[in-house]
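Structure file final.csv (CSV, C-alpha atoms) is printed below.
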chain,number,residue,atom,x,y,z
X,1,MET,CA,5.7,13.1,-25.9
X,2,THR,CA,2.5,14.8,-27.1
X,3,ASN,CA,-0.3,16.7,-25.5
X,4,GLN,CA,-2.2,13.4,-25.4
X,5,GLN,CA,0.5,11.0,-24.3
X,6,ILE,CA,3.6,10.9,-22.2
X,7,ALA,CA,5.9,8.0,-22.9
X,8,TYR,CA,9.1,6.7,-21.2
X,9,SER,CA,11.4,4.2,-22.9
X,10,ARG,CA,12.4,1.0,-21.1
X,11,GLU,CA,15.9,2.3,-20.9
X,12,GLU,CA,14.7,5.5,-19.2
X,13,LEU,CA,12.8,3.6,-16.5
X,14,LEU,CA,15.6,1.1,-16.0
X,15,GLY,CA,18.0,4.0,-15.6
X,16,MET,CA,15.9,5.3,-12.7
X,17,LEU,CA,16.0,2.1,-10.6
X,18,PRO,CA,19.5,2.5,-9.1
X,19,ARG,CA,18.2,5.7,-7.5
X,20,LEU,CA,15.9,3.6,-5.3
X,21,SER,CA,18.8,2.2,-3.3
X,22,GLY,CA,19.0,3.6,0.2
X,23,ALA,CA,16.1,6.0,-0.2
X,24,ARG,CA,14.3,6.5,3.1
X,25,VAL,CA,10.6,6.2,3.6
X,26,LEU,CA,8.7,6.6,6.9
X,27,ILE,CA,5.6,4.3,7.2
X,28,VAL,CA,2.8,4.8,9.7
X,29,GLY,CA,-0.1,2.4,9.8
X,30,ASP,CA,-1.8,-0.8,10.8
X,31,VAL,CA,0.5,-3.9,10.8
X,32,MET,CA,-0.9,-7.4,10.9
X,33,LEU,CA,0.4,-11.0,10.7
X,34,ASP,CA,-0.6,-12.8,7.6
X,35,GLU,CA,-0.8,-16.5,8.3
X,36,TYR,CA,-1.1,-19.0,5.5
X,37,PHE,CA,-2.0,-22.6,5.6
X,38,VAL,CA,-1.4,-24.1,2.2
X,39,GLY,CA,-2.3,-27.6,1.0
X,40,ASP,CA,-4.6,-29.6,-1.3
X,41,ALA,CA,-8.3,-30.3,-1.3
X,42,GLU,CA,-9.3,-33.7,-2.8
X,43,ARG,CA,-12.5,-34.6,-1.0
X,44,ILE,CA,-15.6,-33.2,0.8
X,45,SER,CA,-15.9,-33.6,4.5
X,46,PRO,CA,-18.5,-36.2,5.7
X,47,GLU,CA,-19.3,-33.8,8.6
X,48,ALA,CA,-20.4,-30.8,6.5
X,49,PRO,CA,-20.5,-29.9,2.8
X,50,VAL,CA,-17.1,-28.3,2.9
X,51,PRO,CA,-13.7,-29.3,1.3
X,52,VAL,CA,-11.1,-31.0,3.5
X,53,VAL,CA,-7.7,-29.2,3.0
X,54,LYS,CA,-4.7,-31.3,3.8
X,55,ILE,CA,-2.1,-28.8,5.0
X,56,THR,CA,1.4,-29.2,3.6
X,57,GLU,CA,2.8,-25.8,4.4
X,58,ASP,CA,2.2,-23.0,6.9
X,59,ARG,CA,4.0,-19.6,7.1
X,60,LEU,CA,3.8,-16.2,8.6
X,61,SER,CA,4.5,-12.9,6.9
X,62,LEU,CA,4.1,-9.2,7.6
X,63,GLY,CA,0.8,-7.7,6.3
X,64,GLY,CA,-0.7,-4.2,6.0
X,65,ALA,CA,1.9,-1.5,6.7
X,66,GLY,CA,4.4,-4.3,7.3
X,67,ASN,CA,4.0,-5.5,3.7
X,68,VAL,CA,4.6,-1.9,2.5
X,69,ALA,CA,7.9,-1.9,4.4
X,70,ARG,CA,8.8,-5.3,3.0
X,71,ASN,CA,8.3,-4.1,-0.5
X,72,ILE,CA,10.5,-1.0,0.1
X,73,ARG,CA,13.2,-3.1,1.6
X,74,SER,CA,13.1,-5.7,-1.2
X,75,LEU,CA,13.7,-2.9,-3.7
X,76,GLY,CA,16.7,-1.6,-1.9
X,77,GLY,CA,15.1,1.2,0.1
X,78,ASP,CA,15.3,2.0,3.8
X,79,PRO,CA,11.9,1.7,5.4
X,80,ARG,CA,11.2,3.0,8.9
X,81,LEU,CA,7.9,1.6,10.4
X,82,ILE,CA,5.8,3.0,13.2
X,83,THR,CA,2.8,1.1,14.4
X,84,VAL,CA,1.0,-0.3,17.4
X,85,GLY,CA,0.4,-3.9,18.5
X,86,GLY,CA,-0.9,-5.9,21.4
X,87,ASP,CA,1.2,-6.9,24.4
X,88,ASP,CA,1.1,-10.5,23.1
X,89,ALA,CA,2.9,-13.2,21.2
X,90,GLY,CA,1.6,-11.8,17.9
X,91,ALA,CA,3.5,-8.5,18.4
X,92,GLY,CA,6.6,-10.5,19.2
X,93,GLN,CA,6.2,-12.4,15.9
X,94,VAL,CA,5.8,-9.0,14.1
X,95,GLU,CA,9.0,-7.8,15.7
X,96,ALA,CA,10.8,-11.0,14.8
X,97,LEU,CA,9.7,-10.8,11.1
X,98,CYS,CA,10.7,-7.1,10.9
X,99,GLY,CA,14.2,-8.2,12.2
X,100,GLU,CA,14.4,-11.0,9.7
X,101,ALA,CA,13.5,-8.6,6.9
X,102,ASP,CA,16.0,-5.9,8.1
X,103,ILE,CA,13.1,-3.4,8.7
X,104,SER,CA,13.6,-0.8,11.4
X,105,ALA,CA,10.3,-0.8,13.4
X,106,LYS,CA,8.9,0.9,16.4
X,107,ILE,CA,6.0,-1.1,17.7
X,108,ILE,CA,4.1,0.5,20.6
X,109,ARG,CA,2.6,-2.3,22.6
X,110,ILE,CA,-0.7,-1.8,24.2
X,111,PRO,CA,-1.6,-4.0,27.2
X,112,GLY,CA,-4.8,-5.9,26.7
X,113,ARG,CA,-5.0,-5.3,23.0
X,114,ARG,CA,-4.9,-8.1,20.4
X,115,THR,CA,-2.4,-8.0,17.5
X,116,THR,CA,-4.3,-8.4,14.2
X,117,ILE,CA,-3.8,-11.8,12.6
X,118,LYS,CA,-5.4,-12.7,9.3
X,119,THR,CA,-5.4,-16.5,8.6
X,120,ARG,CA,-5.9,-17.8,5.1
X,121,ILE,CA,-6.5,-21.4,4.0
X,122,ILE,CA,-5.3,-22.0,0.4
X,123,ALA,CA,-5.6,-25.0,-1.8
X,124,ARG,CA,-4.6,-25.3,-5.4
X,125,GLN,CA,-3.7,-21.6,-5.5
X,126,GLN,CA,-7.2,-20.6,-4.4
X,127,GLN,CA,-8.1,-19.0,-1.1
X,128,MET,CA,-10.7,-21.3,0.5
X,129,LEU,CA,-11.3,-19.4,3.7
X,130,ARG,CA,-10.0,-16.4,5.8
X,131,PHE,CA,-10.6,-15.7,9.4
X,132,ASP,CA,-9.5,-12.6,11.4
X,133,GLN,CA,-8.4,-12.0,15.0
X,134,GLU,CA,-8.3,-8.3,15.8
X,135,ASP,CA,-9.1,-5.4,18.1
X,136,ILE,CA,-10.1,-2.2,16.3
X,137,SER,CA,-11.1,-0.2,19.3
X,138,PRO,CA,-10.0,3.5,19.3
X,139,LEU,CA,-6.5,4.2,20.8
X,140,SER,CA,-6.1,6.2,24.0
X,141,THR,CA,-4.9,9.8,24.0
X,142,GLN,CA,-1.7,8.6,25.7
X,143,VAL,CA,-0.9,6.0,23.0
X,144,LEU,CA,-1.6,8.5,20.2
X,145,SER,CA,0.7,11.0,21.8
X,146,GLU,CA,3.4,8.4,22.0
X,147,VAL,CA,2.9,7.5,18.3
X,148,THR,CA,3.0,11.2,17.4
X,149,ARG,CA,6.2,11.8,19.3
X,150,GLU,CA,7.8,8.9,17.5
X,151,ILE,CA,6.7,10.2,14.1
X,152,GLU,CA,8.0,13.7,14.8
X,153,ARG,CA,11.3,12.3,16.0
X,154,GLN,CA,11.9,10.2,12.9
X,155,SER,CA,10.4,12.5,10.3
X,156,ALA,CA,13.3,14.9,10.4
X,157,THR,CA,15.3,12.6,8.1
X,158,HIS,CA,12.5,11.9,5.7
X,159,THR,CA,10.7,13.6,2.8
X,160,VAL,CA,8.0,11.0,2.2
X,161,LEU,CA,5.6,9.5,4.8
X,162,ILE,CA,3.2,6.7,3.9
X,163,VAL,CA,0.0,6.3,5.8
X,164,SER,CA,-1.2,2.7,5.5
X,165,ASP,CA,-4.8,2.6,6.8
X,166,TYR,CA,-6.4,-0.8,7.3
X,167,GLY,CA,-9.1,0.5,9.7
X,168,LYS,CA,-7.6,-1.2,12.8
X,169,GLY,CA,-7.7,1.9,15.0
X,170,LEU,CA,-4.3,3.6,14.5
X,171,ILE,CA,-5.3,6.0,11.7
X,172,CYS,CA,-7.8,8.5,13.1
X,173,GLY,CA,-8.7,12.1,12.9
X,174,GLY,CA,-6.4,13.2,15.7
X,175,LEU,CA,-3.4,11.5,14.2
X,176,MET,CA,-4.0,12.8,10.7
X,177,GLY,CA,-4.4,16.3,12.2
X,178,GLU,CA,-1.0,16.0,13.8
X,179,LEU,CA,0.5,14.9,10.5
X,180,ARG,CA,-0.9,17.9,8.7
X,181,ALA,CA,0.6,20.1,11.5
X,182,LEU,CA,3.9,18.4,11.0
X,183,GLN,CA,3.6,19.0,7.2
X,184,ALA,CA,3.0,22.7,7.9
X,185,ARG,CA,6.1,23.0,10.1
X,186,TYR,CA,8.2,21.4,7.3
X,187,ALA,CA,6.8,24.0,4.8
X,188,ALA,CA,7.5,26.9,7.2
X,189,LYS,CA,11.2,25.9,7.2
X,190,GLY,CA,11.3,25.6,3.4
X,191,GLY,CA,11.0,21.8,3.3
X,192,ARG,CA,8.4,19.4,2.1
X,193,LEU,CA,6.9,16.3,3.7
X,194,LYS,CA,4.9,14.4,1.1
X,195,ILE,CA,2.1,12.4,2.8
X,196,LEU,CA,0.8,9.4,0.7
X,197,VAL,CA,-2.3,7.6,1.9
X,198,ASP,CA,-3.6,4.1,1.2
X,199,PRO,CA,-7.1,4.8,2.3
X,200,LYS,CA,-9.9,3.0,4.1
X,201,THR,CA,-13.4,4.0,3.0
X,202,PRO,CA,-15.0,4.9,6.4
X,203,ASN,CA,-12.0,7.3,7.1
X,204,TRP,CA,-12.1,9.6,4.1
X,205,SER,CA,-12.7,12.7,6.2
X,206,TYR,CA,-9.3,12.2,7.8
X,207,TYR,CA,-7.2,12.5,4.7
X,208,GLN,CA,-7.6,16.2,3.9
X,209,GLY,CA,-4.6,17.8,2.3
X,210,ALA,CA,-2.6,14.6,1.5
X,211,TYR,CA,-0.1,14.8,-1.3
X,212,LEU,CA,-1.4,11.6,-2.9
X,213,LEU,CA,-4.2,9.2,-2.3
X,214,THR,CA,-4.3,5.6,-3.8
X,215,PRO,CA,-7.9,4.3,-3.7
X,216,ASN,CA,-9.0,1.3,-5.8
X,217,THR,CA,-12.1,1.6,-8.0
X,218,LYS,CA,-14.6,0.6,-5.3
X,219,GLU,CA,-13.0,3.0,-2.8
X,220,THR,CA,-13.0,5.8,-5.3
X,221,GLY,CA,-16.8,5.4,-5.9
X,222,GLU,CA,-17.5,5.1,-2.2
X,223,GLY,CA,-15.4,8.1,-1.3
X,224,ALA,CA,-17.0,10.3,-4.0
X,225,GLY,CA,-20.5,8.8,-3.5
X,226,LEU,CA,-20.7,8.3,-7.3
X,227,PRO,CA,-20.9,5.3,-9.7
X,228,VAL,CA,-17.6,4.0,-11.2
X,229,GLY,CA,-18.8,1.5,-13.8
X,230,THR,CA,-17.4,3.2,-16.9
X,231,PRO,CA,-14.3,5.3,-17.6
X,232,PRO,CA,-16.3,8.6,-17.8
X,233,GLU,CA,-17.8,7.7,-14.4
X,234,ILE,CA,-14.4,6.9,-12.9
X,235,LYS,CA,-13.1,10.3,-14.2
X,236,THR,CA,-16.0,12.2,-12.6
X,237,ALA,CA,-15.7,10.3,-9.3
X,238,GLY,CA,-11.9,10.6,-9.0
X,239,ALA,CA,-11.9,14.3,-9.8
X,240,ALA,CA,-14.7,14.9,-7.3
X,241,LEU,CA,-12.9,12.9,-4.6
X,242,ARG,CA,-9.5,14.7,-5.2
X,243,ARG,CA,-11.2,18.1,-5.1
X,244,SER,CA,-13.3,17.3,-2.0
X,245,LEU,CA,-10.3,16.2,0.0
X,246,ASP,CA,-8.0,19.0,-1.3
X,247,SER,CA,-5.5,16.3,-2.3
X,248,GLU,CA,-2.7,17.4,-4.6
X,249,HIS,CA,-2.9,14.1,-6.5
X,250,LEU,CA,-5.0,10.9,-6.6
X,251,LEU,CA,-4.0,7.6,-8.2
X,252,ALA,CA,-7.0,5.3,-8.7
X,253,THR,CA,-6.0,1.7,-9.2
X,254,LEU,CA,-8.6,0.2,-11.5
X,255,GLY,CA,-7.7,-3.6,-11.7
X,256,ALA,CA,-7.9,-4.8,-15.3
X,257,GLN,CA,-8.4,-1.2,-16.5
X,258,GLY,CA,-5.0,-0.2,-15.1
X,259,MET,CA,-4.6,3.1,-13.2
X,260,ALA,CA,-5.8,6.7,-13.5
X,261,LEU,CA,-3.6,9.5,-12.2
X,262,PHE,CA,-5.6,12.6,-11.3
X,263,ALA,CA,-2.6,15.0,-11.4
X,264,GLY,CA,-4.7,18.2,-11.2
X,265,PRO,CA,-8.1,19.7,-11.9
X,266,ASP,CA,-7.8,19.1,-15.7
X,267,ARG,CA,-5.0,16.6,-15.9
X,268,ILE,CA,-6.0,12.9,-15.8
X,269,TRP,CA,-3.6,10.3,-17.1
X,270,HIS,CA,-4.6,6.7,-17.9
X,271,ILE,CA,-2.0,3.9,-17.5
X,272,PRO,CA,-2.9,0.4,-19.0
X,273,THR,CA,-2.5,-2.6,-16.7
X,274,ALA,CA,0.8,-4.5,-16.8
X,275,ALA,CA,-0.7,-7.7,-15.3
X,276,ARG,CA,-0.6,-10.8,-17.5
X,277,HIS,CA,-2.1,-13.3,-15.0
X,278,VAL,CA,-4.1,-12.5,-11.9
X,279,PHE,CA,-4.1,-15.1,-9.1
X,280,ASP,CA,-4.5,-13.0,-6.0
X,281,VAL,CA,-4.8,-9.2,-5.5
X,282,THR,CA,-3.9,-9.5,-1.8
X,283,GLY,CA,-1.3,-6.8,-1.0
X,284,ALA,CA,-1.3,-5.2,-4.5
X,285,GLY,CA,-2.2,-1.9,-3.0
X,286,ASP,CA,0.7,-2.2,-0.5
X,287,THR,CA,3.1,-2.7,-3.4
X,288,VAL,CA,1.7,0.2,-5.4
X,289,ILE,CA,2.1,2.7,-2.5
X,290,ALA,CA,5.5,1.3,-1.5
X,291,VAL,CA,6.9,1.8,-5.0
X,292,LEU,CA,5.4,5.2,-5.3
X,293,GLY,CA,6.8,6.3,-1.9
X,294,LEU,CA,10.2,4.9,-2.6
X,295,ALA,CA,10.4,6.4,-6.1
X,296,LEU,CA,9.3,9.9,-4.8
X,297,ALA,CA,11.8,9.7,-1.9
X,298,ALA,CA,14.5,8.9,-4.5
X,299,GLY,CA,13.6,12.1,-6.5
X,300,ILE,CA,11.8,10.3,-9.4
X,301,PRO,CA,8.9,12.4,-10.8
X,302,LEU,CA,5.4,11.3,-10.1
X,303,LEU,CA,4.3,10.0,-13.5
X,304,PRO,CA,7.3,7.6,-14.1
X,305,ALA,CA,6.9,6.6,-10.4
X,306,CYS,CA,3.3,5.5,-11.3
X,307,LEU,CA,4.6,3.6,-14.3
X,308,LEU,CA,7.1,1.7,-12.1
X,309,ALA,CA,4.3,1.0,-9.5
X,310,ASN,CA,2.0,-0.3,-12.3
X,311,SER,CA,4.7,-2.8,-13.4
X,312,ALA,CA,5.4,-3.9,-9.8
X,313,ALA,CA,1.6,-4.4,-9.2
X,314,GLY,CA,1.5,-6.6,-12.4
X,315,ILE,CA,4.1,-8.9,-10.8
X,316,VAL,CA,2.5,-9.3,-7.3
X,317,VAL,CA,-1.1,-10.1,-8.6
X,318,GLY,CA,0.5,-13.1,-10.3
X,319,GLU,CA,1.5,-14.6,-6.9
X,320,VAL,CA,-0.7,-16.1,-4.2
X,321,GLY,CA,-0.7,-14.1,-0.9
X,322,ALA,CA,0.9,-10.7,-0.1
X,323,ALA,CA,4.0,-10.9,-2.3
X,324,THR,CA,6.9,-8.5,-2.6
X,325,VAL,CA,8.8,-7.3,-5.7
X,326,ASN,CA,12.6,-7.1,-5.9
X,327,LEU,CA,14.8,-5.1,-8.4
X,328,GLU,CA,15.5,-8.1,-10.6
X,329,GLN,CA,11.8,-8.9,-11.0
X,330,LEU,CA,11.0,-5.3,-11.8
X,331,LYS,CA,13.8,-5.1,-14.3
X,332,SER,CA,12.5,-8.3,-15.9
X,333,ALA,CA,8.9,-6.9,-16.0
X,334,LEU,CA,10.1,-3.8,-17.7
X,335,GLY,CA,11.7,-6.0,-20.3
X,336,GLU,CA,8.5,-7.8,-21.0
X,337,ASN,CA,5.6,-5.5,-21.1
X,338,ALA,CA,4.9,-2.3,-23.0
X,339,ALA,CA,2.9,-0.3,-20.3
X,340,TYR,CA,5.3,2.6,-20.3
X,341,ALA,CA,3.0,5.3,-21.5
X,342,ALA,CA,0.3,7.4,-20.0
X,343,THR,CA,-2.5,8.7,-22.2
X,344,ARG,CA,-4.6,11.8,-21.5
X,345,TRP,CA,-8.0,10.8,-20.4
Now, as a test, write the supplied structure out as structure tokens.
Amino acid sequence: MTNQQIAYSREELLGMLPRLSGARVLIVGDVMLDEYFVGDAERISPEAPVPVVKITEDRLSLGGAGNVARNIRSLGGDPRLITVGGDDAGAGQVEALCGEADISAKIIRIPGRRTTIKTRIIARQQQMLRFDQEDISPLSTQVLSEVTREIERQSATHTVLIVSDYGKGLICGGLMGELRALQARYAAKGGRLKILVDPKTPNWSYYQGAYLLTPNTKETGEGAGLPVGTPPEIKTAGAALRRSLDSEHLLATLGAQGMALFAGPDRIWHIPTAARHVFDVTGAGDTVIAVLGLALAAGIPLLPACLLANSAAGIVVGEVGAATVNLEQLKSALGENAAYAATRW
């Protein structure tokens, strides 16, 4: 360890992994059904200049906040999920998938609302088309009150709360205000509730005072209103965004450039990417915040938590669709790459 670099050995990081088992994380956010139709495309349609995909497989999985919960469960953690859905078959499928994944979920059903479904057509490991079915209208005061009551009831046994915002209507100024009030009540009793936010660009004003934000490069630039084309620009934008939202920390995920942890006003750490092959970035942000939240709930310090999240993200971008990471995969990844150091930026 120097003033310019903090490094962890493979053995040190591997030694932290058993602590993840059973750690509790509360997740509040937008859940969706990810529907995949997978096949092959060998010809162009005679009806229009589009490929014809012969479907050989179709499957459903949990997306959004549901994928965060899946990642936590697959790493041995104990996720508790709070969300809303329609009073429709889609919500029933979400409940069934949560049951299959052994995820404790409270889904508040709203009559007349449509559960979000994202359908993807994939051929030869390439996404050909996606179409969405959703209702992103604001939630009623009554529904928000029910969500808030459920969060307060469950938060008593948690130290980490993940907010997974996909812009589908659940995460709003009123709800985030209630979370800040809950955080203050924790502090008044000598406790701490760390709120981690996977943000959506139009909602930046909601996230004031979060413990940690996890924007990607584009979101960092949009949130700060600044360019992010070069490392110096990313440093300026990330620092400005962290400062403007009074967030204790900000972790910018930078794709091929890795990650940048804005740990304080003058402390920025760069972590190189752990990805070897990138097929699909779908759900990579879910994996990052899931590993961070689980590691923090297990008492692992923030910087090694970021190193673990970086290695986990390097695994899921090599898969097609919203993938999850298990302990054996993470152990294997730690045995293969050398991205265990953070350099002062």
- Item | atom CA of Glu233 of chain X to atom CA of Ser205 of chain X, distance in Å rounded to a single decimal |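 Atom-to-atom, atom CA of Glu233 of chain X to atom CA of Ser205 of chain X, that is 21.8 Å.
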- Near segment 141-153 of chain X, within 10 Å and counting all atoms listed in the file, which residues show up once chain neighbours fewer than 5 positions away are dropped, as a list in words?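 Here the qualifying residues turn out to be Leu26, Ile27, Val28, Arg80, Leu81, Ile82, Thr83, Val84, Lys106, Ile107, Ile108, Arg109, Ile110, Leu161, Leu170, Ile171, Cys172, Gly174, Leu175, Met176, Glu178, Leu179 and Leu182 of chain X.
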- Query: Skipping near chain neighbours, those fewer than 4 positions away, what residues fall within 7 Å of segment 190-198 of chain X using only C-alpha atoms, listed as a PyMOL selection string?
  - Reply: chain X and resi 159-165+183+186+210-215+289
- Counting only C-alpha atoms, which of X:Arg70, X:His249, X:Arg120, X:Arg242 gets nearest to Thr324 of chain X?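 Comparing X:Arg70, X:His249, X:Arg120, X:Arg242 against Thr324 of chain X, the winner is X:Arg70.
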- Task: Might you pull out every residue within 6 Å of Ala65 of chain X, with all atoms listed in the file counted and same-chain residues fewer than 5 positions away left off, and present them as a list in words?
- Result: Gly29, Asp30, Val31 and Ser164 of chain X
- Task: Can you work out which one of X:Leu303, X:Pro79, X:Leu241, X:Ala284 has the shortest atom-to-atom distance to Ala263 of chain X, counting all atoms listed in the file?
- Result: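 Looking only at the distances to Ala263 of chain X, the closest residue turns out to be X:Leu303.
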- Message: To one decimal place in Å, what is the distance between atom CA of Lys331 of chain X and atom CA of Asn216 of chain X?
- Response: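 Between atom CA of Lys331 of chain X and atom CA of Asn216 of chain X the gap works out to 25.2 Å.
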May I have the residues within 6 Å of Val288 of chain X as a PDB file with C-alpha atoms, in the coordinates of the input, using only C-alpha atoms and disregarding those fewer than 3 positions away in the same chain?
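Output (out-v6.pdb):
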ATOM      1  CA  GLY X 285      -2.200  -1.900  -3.000  1.00  0.00           C
ATOM      2  CA  VAL X 291       6.900   1.800  -5.000  1.00  0.00           C
ATOM      3  CA  ALA X 309       4.300   1.000  -9.500  1.00  0.00           C
ATOM      4  CA  ALA X 313       1.600  -4.400  -9.200  1.00  0.00           C
TER       5      ALA X 313
END
- Item | Of the listed residues X:Lys200, X:Lys218, X:Arg73, X:Arg114, that which approaches Tyr166 of chain X most closely, counting only C-alpha atoms |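 When distances to Tyr166 of chain X are compared using only C-alpha atoms, the smallest one comes from X:Lys200.
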- Item | Nearest candidate to Gly177 of chain X (options X:Ala341, X:Gly66, X:Asp87, X:Gln208; using all atoms listed in the file) |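 Checking each of X:Ala341, X:Gly66, X:Asp87, X:Gln208 against Gly177 of chain X, counting all atoms listed in the file, the winner is X:Gln208.
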- May I ask for the distance between atom CA of Gly264 of chain X and atom CA of Arg344 of chain X, given in Å to one decimal place?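 Taking atom CA of Gly264 of chain X as the start and atom CA of Arg344 of chain X as the end point, the length is 12.1 Å.
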- Task: Go through X:Pro111, X:Gly39, X:Gly229, X:Pro51 and flag the residue nearest Arg124 of chain X, using only C-alpha atoms for the distances.
- Result: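 Of X:Pro111, X:Gly39, X:Gly229, X:Pro51, the one nearest Arg124 of chain X is X:Gly39, counting only C-alpha atoms.
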